[in-house]
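Shown next: work.cif, containing mmCIF, C-alpha atoms.
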data_final
loop_
_atom_site.label_atom_id
_atom_site.label_comp_id
_atom_site.auth_asym_id
_atom_site.auth_seq_id
_atom_site.Cartn_x
_atom_site.Cartn_y
_atom_site.Cartn_z
CA MET B 1315 -13.06 -40.09 0.46
CA LEU B 1316 -11.07 -43.19 1.34
CA ALA B 1317 -7.80 -41.27 1.53
CA VAL B 1318 -9.18 -39.28 4.47
CA CYS B 1319 -9.89 -42.47 6.40
CA TRP B 1320 -6.43 -43.81 5.52
CA LEU B 1321 -4.70 -40.68 6.77
CA LEU B 1322 -6.68 -40.62 10.02
CA GLY B 1323 -5.18 -44.02 10.79
CA ALA B 1324 -1.63 -43.15 9.70
CA ASN B 1325 1.27 -43.01 12.12
CA PRO B 1326 2.16 -39.36 12.74
CA CYS B 1327 5.67 -37.98 12.47
CA ALA B 1328 7.53 -36.38 15.36
CA ALA B 1329 5.36 -33.26 15.27
CA ASP B 1330 2.93 -34.85 17.69
CA ASP B 1331 1.38 -31.67 19.03
CA ALA B 1332 0.45 -30.41 15.57
CA LYS B 1333 -1.96 -33.00 14.25
CA PRO B 1334 -4.33 -30.85 12.21
CA ALA B 1335 -7.97 -31.84 12.45
CA ILE B 1336 -9.17 -33.23 9.12
CA ASP B 1337 -12.58 -31.68 9.45
CA VAL B 1338 -14.57 -28.78 8.05
CA GLU B 1339 -16.75 -26.56 10.22
CA VAL B 1340 -19.82 -24.94 8.67
CA VAL B 1341 -19.74 -21.33 9.86
CA SER B 1342 -22.89 -20.36 8.00
CA SER B 1343 -25.22 -22.16 5.61
CA GLY B 1344 -25.44 -21.61 1.88
CA SER B 1345 -28.11 -19.32 0.45
CA SER B 1346 -29.64 -18.21 -2.84
CA VAL B 1347 -32.03 -15.53 -1.59
CA ALA B 1348 -32.31 -12.24 -3.48
CA ALA B 1349 -30.71 -10.13 -0.73
CA ILE B 1350 -27.61 -12.31 -0.60
CA ARG B 1351 -27.39 -12.33 -4.38
CA LYS B 1352 -27.59 -8.54 -4.49
CA LYS B 1353 -24.79 -8.22 -1.94
CA ALA B 1354 -22.66 -10.82 -3.78
CA LEU B 1355 -22.98 -8.86 -7.01
CA ALA B 1356 -21.97 -5.65 -5.24
CA ASP B 1357 -18.93 -7.39 -3.74
CA LEU B 1358 -17.49 -8.45 -7.09
CA PRO B 1359 -14.09 -6.76 -7.72
CA LEU B 1360 -15.12 -5.53 -11.16
CA ASP B 1361 -12.63 -2.67 -11.04
CA LYS B 1362 -9.81 -5.24 -10.95
CA ILE B 1363 -10.80 -6.97 -14.17
CA ALA B 1364 -9.01 -6.32 -17.45
CA ALA B 1365 -11.13 -4.34 -19.89
CA ASP B 1366 -11.21 -7.11 -22.50
CA TRP B 1367 -12.97 -9.46 -20.04
CA ARG B 1368 -15.61 -7.00 -18.85
CA PRO B 1369 -18.17 -7.74 -21.62
CA LYS B 1370 -18.29 -11.45 -20.73
CA VAL B 1371 -18.48 -10.71 -17.02
CA ASP B 1372 -21.23 -8.13 -17.52
CA GLU B 1373 -23.19 -10.59 -19.65
CA ILE B 1374 -23.16 -13.11 -16.79
CA THR B 1375 -24.04 -10.65 -14.03
CA LYS B 1376 -26.92 -9.20 -16.06
CA ASN B 1377 -28.31 -12.60 -17.01
CA VAL B 1378 -27.85 -14.82 -13.97
CA SER B 1379 -29.71 -18.10 -14.39
CA LEU B 1380 -28.47 -19.63 -11.13
CA PHE B 1381 -26.87 -18.06 -8.08
CA ARG B 1382 -25.46 -19.75 -5.01
CA HIS B 1383 -23.62 -18.37 -2.01
CA MET B 1384 -21.89 -21.52 -0.79
CA PRO B 1385 -21.69 -22.32 2.93
CA THR B 1386 -18.92 -20.43 4.69
CA LEU B 1387 -16.46 -23.11 5.80
CA LYS B 1388 -13.62 -23.18 8.32
CA PHE B 1389 -10.76 -25.67 8.53
CA VAL B 1390 -7.08 -26.03 9.42
CA SER B 1391 -4.69 -25.21 6.59
CA GLU B 1392 -1.51 -23.21 6.41
CA PRO B 1393 -1.60 -20.34 3.89
CA GLU B 1394 1.27 -21.92 1.94
CA VAL B 1395 -0.79 -25.07 1.33
CA TYR B 1396 -4.05 -23.30 0.49
CA ASN B 1397 -2.39 -20.75 -1.79
CA PHE B 1398 -0.30 -23.36 -3.59
CA PHE B 1399 -3.36 -25.30 -4.72
CA LEU B 1400 -5.17 -22.05 -5.47
CA ALA B 1401 -2.29 -20.97 -7.70
CA HIS B 1402 -1.89 -24.40 -9.29
CA PRO B 1403 -5.33 -26.06 -9.52
CA GLU B 1404 -4.00 -28.46 -12.16
CA VAL B 1405 -1.79 -30.01 -9.45
CA ALA B 1406 -4.83 -30.61 -7.22
CA VAL B 1407 -6.72 -32.17 -10.13
CA SER B 1408 -3.76 -34.42 -10.97
CA LEU B 1409 -3.58 -35.55 -7.34
CA TRP B 1410 -7.30 -36.35 -7.41
CA ARG B 1411 -6.62 -38.76 -10.26
CA VAL B 1412 -3.71 -40.32 -8.39
CA MET B 1413 -5.96 -40.80 -5.37
CA ASP B 1414 -8.82 -42.20 -7.51
CA ILE B 1415 -11.10 -39.39 -6.39
CA SER B 1416 -11.89 -38.16 -9.89
CA THR B 1417 -11.03 -38.63 -13.57
CA PHE B 1418 -11.26 -34.87 -14.13
CA GLU B 1419 -8.39 -33.37 -16.16
CA MET B 1420 -7.06 -29.82 -16.22
CA TRP B 1421 -4.03 -28.40 -17.95
CA GLN B 1422 -2.51 -24.94 -17.96
CA THR B 1423 -2.60 -23.05 -21.27
CA GLY B 1424 -1.35 -19.63 -20.14
CA PRO B 1425 -0.24 -17.63 -17.07
CA ALA B 1426 -3.81 -17.59 -15.73
CA SER B 1427 -5.62 -19.82 -18.23
CA TYR B 1428 -6.64 -23.49 -18.15
CA GLU B 1429 -8.61 -26.04 -20.12
CA ALA B 1430 -10.58 -28.85 -18.49
CA ASP B 1431 -12.33 -32.09 -19.40
CA SER B 1432 -14.52 -34.07 -17.00
CA HIS B 1433 -14.85 -37.05 -19.37
CA ASP B 1434 -18.63 -37.09 -18.92
CA GLY B 1435 -19.31 -34.89 -21.93
CA SER B 1436 -18.38 -31.65 -20.20
CA ASN B 1437 -15.36 -29.55 -21.17
CA GLY B 1438 -14.40 -25.93 -21.08
CA THR B 1439 -11.95 -23.15 -20.37
CA ILE B 1440 -11.02 -21.38 -17.14
CA GLU B 1441 -9.56 -17.90 -16.77
CA VAL B 1442 -8.37 -16.33 -13.50
CA LEU B 1443 -9.47 -12.71 -13.89
CA HIS B 1444 -8.18 -11.45 -10.56
CA SER B 1445 -6.24 -12.98 -7.70
CA SER B 1446 -5.03 -11.48 -4.43
CA THR B 1447 -4.57 -12.60 -0.83
CA GLU B 1448 -8.20 -11.72 -0.10
CA ARG B 1449 -10.11 -12.86 -3.17
CA GLN B 1450 -10.03 -14.66 -6.49
CA LEU B 1451 -12.36 -14.13 -9.43
CA VAL B 1452 -12.60 -16.89 -12.04
CA LEU B 1453 -14.49 -17.12 -15.32
CA CYS B 1454 -15.48 -20.56 -16.62
CA GLU B 1455 -16.96 -21.24 -20.05
CA GLY B 1456 -18.06 -24.73 -20.99
CA ALA B 1457 -20.41 -27.04 -22.79
CA PHE B 1458 -22.06 -30.38 -22.11
CA LYS B 1459 -22.40 -32.76 -25.06
CA SER B 1460 -24.53 -35.89 -25.17
CA PRO B 1461 -25.88 -38.16 -27.92
CA LEU B 1462 -29.30 -37.63 -26.33
CA LEU B 1463 -29.19 -33.88 -26.91
CA PRO B 1464 -29.66 -32.19 -30.29
CA LYS B 1465 -26.91 -29.66 -29.48
CA PRO B 1466 -24.49 -28.94 -26.62
CA ILE B 1467 -25.67 -27.10 -23.52
CA LYS B 1468 -23.48 -24.04 -23.08
CA ALA B 1469 -22.93 -22.11 -19.85
CA ARG B 1470 -20.76 -19.38 -18.38
CA THR B 1471 -19.92 -19.26 -14.70
CA LEU B 1472 -18.35 -16.58 -12.55
CA LEU B 1473 -16.79 -17.73 -9.26
CA HIS B 1474 -15.77 -15.35 -6.47
CA LEU B 1475 -13.70 -16.95 -3.71
CA GLN B 1476 -12.89 -15.04 -0.51
CA PRO B 1477 -10.51 -16.64 2.02
CA THR B 1478 -9.27 -15.27 5.36
CA PHE B 1479 -6.57 -16.75 7.60
CA GLN B 1480 -6.25 -16.72 11.38
CA LYS B 1481 -3.33 -17.98 13.45
CA ASN B 1482 -4.44 -20.20 16.33
CA ALA B 1483 -2.98 -20.36 19.82
CA ASP B 1484 -1.26 -23.66 18.95
CA GLY B 1485 0.57 -22.02 16.05
CA GLN B 1486 -1.52 -23.61 13.33
CA THR B 1487 -3.59 -21.57 10.90
CA THR B 1488 -7.31 -21.77 10.22
CA VAL B 1489 -8.74 -20.68 6.90
CA THR B 1490 -12.33 -19.50 6.56
CA HIS B 1491 -13.60 -19.13 3.01
CA SER B 1492 -16.78 -18.46 1.09
CA LEU B 1493 -17.64 -18.82 -2.58
CA ASP B 1494 -20.23 -17.04 -4.70
CA MET B 1495 -21.30 -18.72 -7.95
CA PHE B 1496 -23.13 -17.01 -10.81
CA VAL B 1497 -24.22 -19.19 -13.74
CA SER B 1498 -25.65 -17.96 -17.03
CA PHE B 1499 -27.26 -20.14 -19.73
CA PRO B 1500 -27.72 -18.50 -23.15
CA SER B 1501 -30.59 -20.88 -24.00
CA GLN B 1502 -33.97 -19.92 -22.53
CA PRO B 1503 -35.28 -23.53 -22.29
CA VAL B 1504 -32.12 -24.57 -20.48
CA ASP B 1505 -32.38 -21.51 -18.24
CA ILE B 1506 -35.94 -22.45 -17.25
CA THR B 1507 -35.02 -26.09 -16.62
CA ALA B 1508 -31.99 -25.09 -14.55
CA LYS B 1509 -34.15 -22.94 -12.31
CA LEU B 1510 -36.62 -25.77 -11.82
CA ILE B 1511 -33.91 -28.15 -10.60
CA SER B 1512 -31.95 -25.49 -8.71
CA PRO B 1513 -32.69 -26.98 -5.25
CA VAL B 1514 -30.88 -30.15 -6.32
CA SER B 1515 -27.99 -28.33 -8.02
CA HIS B 1516 -27.53 -26.11 -4.96
CA VAL B 1517 -27.16 -29.14 -2.70
CA MET B 1518 -24.59 -30.64 -5.07
CA ALA B 1519 -22.64 -27.38 -5.26
CA ASP B 1520 -22.55 -27.04 -1.46
CA ARG B 1521 -21.39 -30.64 -1.10
CA ASN B 1522 -18.64 -30.26 -3.70
CA PHE B 1523 -17.36 -27.09 -2.03
CA ARG B 1524 -17.18 -28.90 1.30
CA GLU B 1525 -15.41 -31.92 -0.19
CA VAL B 1526 -12.77 -29.78 -1.88
CA SER B 1527 -12.25 -27.94 1.42
CA LEU B 1528 -11.92 -31.25 3.24
CA TRP B 1529 -9.34 -32.37 0.68
CA VAL B 1530 -7.22 -29.26 1.29
CA ALA B 1531 -7.39 -29.90 5.05
CA MET B 1532 -6.29 -33.48 4.41
CA MET B 1533 -3.33 -32.40 2.27
CA ASN B 1534 -2.29 -29.94 4.97
CA ALA B 1535 -2.43 -32.74 7.56
CA GLY B 1536 -0.48 -35.00 5.21
CA MET B 1537 2.33 -32.47 4.92
CA VAL B 1538 2.49 -32.17 8.71
CA GLN B 1539 2.23 -35.87 9.54
CA GLN B 1540 3.18 -37.85 6.43
CA PRO B 1541 5.46 -35.95 4.03
CA ASP B 1542 6.62 -39.27 2.56
CA TRP B 1543 2.99 -39.90 1.54
CA ILE B 1544 2.98 -36.53 -0.25
CA LYS B 1545 6.16 -37.61 -2.06
CA GLN B 1546 4.51 -40.85 -3.17
CA LEU B 1547 1.56 -38.91 -4.56
CA ALA B 1548 3.80 -36.36 -6.29
CA ASP B 1549 5.77 -39.10 -8.03
CA LYS B 1550 2.57 -40.41 -9.64
CA MET B 1551 1.24 -37.07 -10.88
CA ASP B 1552 0.72 -36.59 -14.61
CA GLY B 1553 -0.55 -33.80 -16.80
CA VAL B 1554 1.44 -31.10 -14.97
CA LEU B 1555 4.73 -29.35 -15.55
CA GLU B 1556 7.64 -31.29 -14.09
CA VAL B 1557 8.61 -28.30 -11.96
CA ARG B 1558 5.32 -28.60 -10.05
CA ARG B 1559 6.58 -31.74 -8.28
CA SER B 1560 9.52 -29.96 -6.67
CA GLN B 1561 7.32 -26.99 -5.85
CA LEU B 1562 4.81 -29.25 -4.10
CA LEU B 1563 7.59 -30.97 -2.16
CA LYS B 1564 9.06 -27.63 -1.17
CA VAL B 1565 5.72 -26.65 0.39
CA ALA B 1566 5.59 -30.03 2.16
CA LEU B 1567 9.08 -29.46 3.58
CA GLN B 1568 8.12 -25.98 4.81
CA ILE B 1569 4.96 -27.21 6.52
CA ASN B 1570 6.58 -30.27 8.10
CA THR B 1571 9.57 -28.26 9.37
CA ALA B 1572 7.31 -25.58 10.86
CA ALA B 1573 5.27 -28.29 12.65
CA ARG B 1574 8.42 -29.84 14.12
CA LYS B 1575 9.61 -26.43 15.23
CA ARG B 1576 6.28 -25.77 16.98
CA GLU B 1577 6.53 -29.08 18.81
CA LEU B 1578 10.11 -28.37 19.88
CA GLN B 1579 9.13 -24.89 21.09
CA ARG B 1580 6.19 -26.37 23.01
CA GLN B 1581 8.52 -28.77 24.79
CA ALA B 1582 11.04 -26.00 25.51
CA GLY B 1583 8.40 -23.68 26.94
CA ASP B 1584 9.70 -20.16 27.48
CA ARG B 1585 13.30 -21.18 26.92
CA GLU B 1586 14.85 -19.84 23.73
CA LEU B 1587 15.80 -22.58 21.28
CA SER B 1588 19.50 -22.99 20.53
CA LEU B 1589 20.94 -22.95 17.02
CA GLU B 1590 21.81 -26.64 17.29
CA GLU B 1591 18.22 -27.48 18.26
CA MET B 1592 16.95 -25.52 15.29
CA MET B 1593 19.36 -27.22 12.90
CA ALA B 1594 18.26 -30.61 14.25
CA VAL B 1595 14.69 -29.75 13.26
CA PHE B 1596 15.70 -29.07 9.66
CA ARG B 1597 17.91 -32.16 9.45
CA LYS B 1598 15.21 -34.44 10.85
CA ALA B 1599 12.54 -33.02 8.55
CA ALA B 1600 14.79 -33.64 5.55
CA GLN B 1601 15.80 -37.15 6.68
CA GLU B 1602 12.38 -38.47 7.70
CA GLY B 1603 10.34 -36.64 5.09
CA ALA B 1604 10.64 -37.89 1.53
CA VAL B 1605 11.88 -34.54 0.25
CA PRO B 1606 15.37 -33.58 -0.93
CA ALA B 1607 17.73 -32.96 1.95
CA SER B 1608 18.86 -29.71 0.37
CA GLY B 1609 16.28 -26.98 0.37
CA GLU B 1610 18.66 -24.99 -1.81
CA GLN B 1611 18.41 -27.69 -4.47
CA ILE B 1612 14.67 -27.12 -4.73
CA LYS B 1613 15.19 -23.37 -4.64
CA ARG B 1614 17.49 -23.55 -7.64
CA GLU B 1615 15.11 -25.78 -9.59
CA SER B 1616 11.97 -23.75 -9.13
CA ARG B 1617 10.11 -21.04 -7.37
CA VAL B 1618 6.71 -21.48 -5.74
CA GLU B 1619 4.58 -18.76 -7.21
CA PRO B 1620 1.76 -17.03 -5.36
CA ALA B 1621 -1.82 -17.40 -6.55
CA SER B 1622 -2.21 -16.76 -10.28
CA GLY B 1623 -1.25 -13.20 -11.00
CA GLU B 1624 -3.84 -10.47 -11.11
CA ARG B 1625 -4.83 -9.32 -14.57
CA THR B 1626 -5.14 -5.59 -14.73
CA PRO B 1627 -6.21 -3.32 -17.56
#

Would you mind writing the file out in structure tokens?
Amino acid sequence: MLAVCWLLGANPCAADDAKPAIDVEVVSSGSSVAAIRKKALADLPLDKIAADWRPKVDEITKNVSLFRHMPTLKFVSEPEVYNFFLAHPEVAVSLWRVMDISTFEMWQTGPASYEADSHDGSNGTIEVLHSSTERQLVLCEGAFKSPLLPKPIKARTLLHLQPTFQKNADGQTTVTHSLDMFVSFPSQPVDITAKLISPVSHVMADRNFREVSLWVAMMNAGMVQQPDWIKQLADKMDGVLEVRRSQLLKVALQINTAARKRELQRQAGDRELSLEEMMAVFRKAAQEGAVPASGEQIKRESRVEPASGERTP
């Protein structure tokens, strides 16, 4: 990802002590063994799923063609950054297009529903079945079309994401997350073929999970060090609600201000910061970052929602 290299060479803002590492640590490797699969199935929050979605979920879990427990990864990201992109994946996808990372498109069709098109013949729908601070369960249904195939290849996928956050001694936050993936193919020939090439597909899935994690770490670092860069990206976004721009910039302002405050507190040591020192932090963050000087202006325009709301029976 060229943007990662660019950011590593960027000039940091005044929050010099809080340069988040743009790196991802592999805590444990991915696995597809039967014991891990059995545990992953048992860990699914099935009691949190709305009754009308249970038949589709049960169909996947009873007919799993492919399973992968992705590597458990650890990286620096504030909860506000991680949860914003978790709640608004269409914003992340739009930013990928701005950054020339991908041509993938996603648009929101309901409170917890999305449609997506990869422009390679694959398209589908996404439904967030359950979301909380500790886990998110997502159902994906899609098809791959090609002139070389007599009919589309259909698949259903269940994704179970589990993040945890830990505050570090330097005041920054580290997120550790894991992802379980269950894929079901209704066609027996496709099911057999998928199992034959599973070693390759598992490697690709692990790599994609790491790259997305690295991207989140990069966006977190960008908000700390280069909020004006975040503003430039936000201005070029398309395919999202207009309110998402101000919501993204509000998160950037929060993260940049918190980083400046940490640096000021580090310099002050045990001394309590004065009100004037604190106000200077907010003024400088607003002046040097490319976000509106008035936080209240953003507050009036929009509200940053938490991760997509839980659907309950």

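Between atom CA of His1491 of chain B and atom CA of Phe1479 of chain B there is a distance of 8.7 Å.
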
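For the structure in this document, the set picked by the PyMOL selection byres ((chain B and resi 1486) around 9) is B:Ala1332, B:Pro1334, B:Val1390, B:Ser1391, B:Glu1392, B:Gln1480, B:Lys1481, B:Asn1482, B:Ala1483, B:Asp1484, B:Gly1485, B:Thr1487, B:Thr1488, B:Ala1573, B:Arg1576.
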
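Evaluated against this file, the PyMOL selection byres ((chain B and resi 1553) around 10) yields Glu1404, Val1405, Val1407, Ser1408, Glu1419, Met1420, Trp1421, Gln1422, Met1551, Asp1552, Val1554, Leu1555 and Glu1556 of chain B.
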
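Using all atoms listed in the file, the nearest neighbour of His1474 of chain B within the list B:Ala1430, B:Val1517, B:Ala1531, B:Leu1443 is B:Leu1443.
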
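Taking all atoms listed in the file, the non-local environment of Val1538 of chain B within 7 Å (same-chain residues fewer than 3 positions away omitted) comprises B:Asn1534, B:Ala1535, B:Pro1541, B:Ile1569, B:Asn1570, B:Ala1573.
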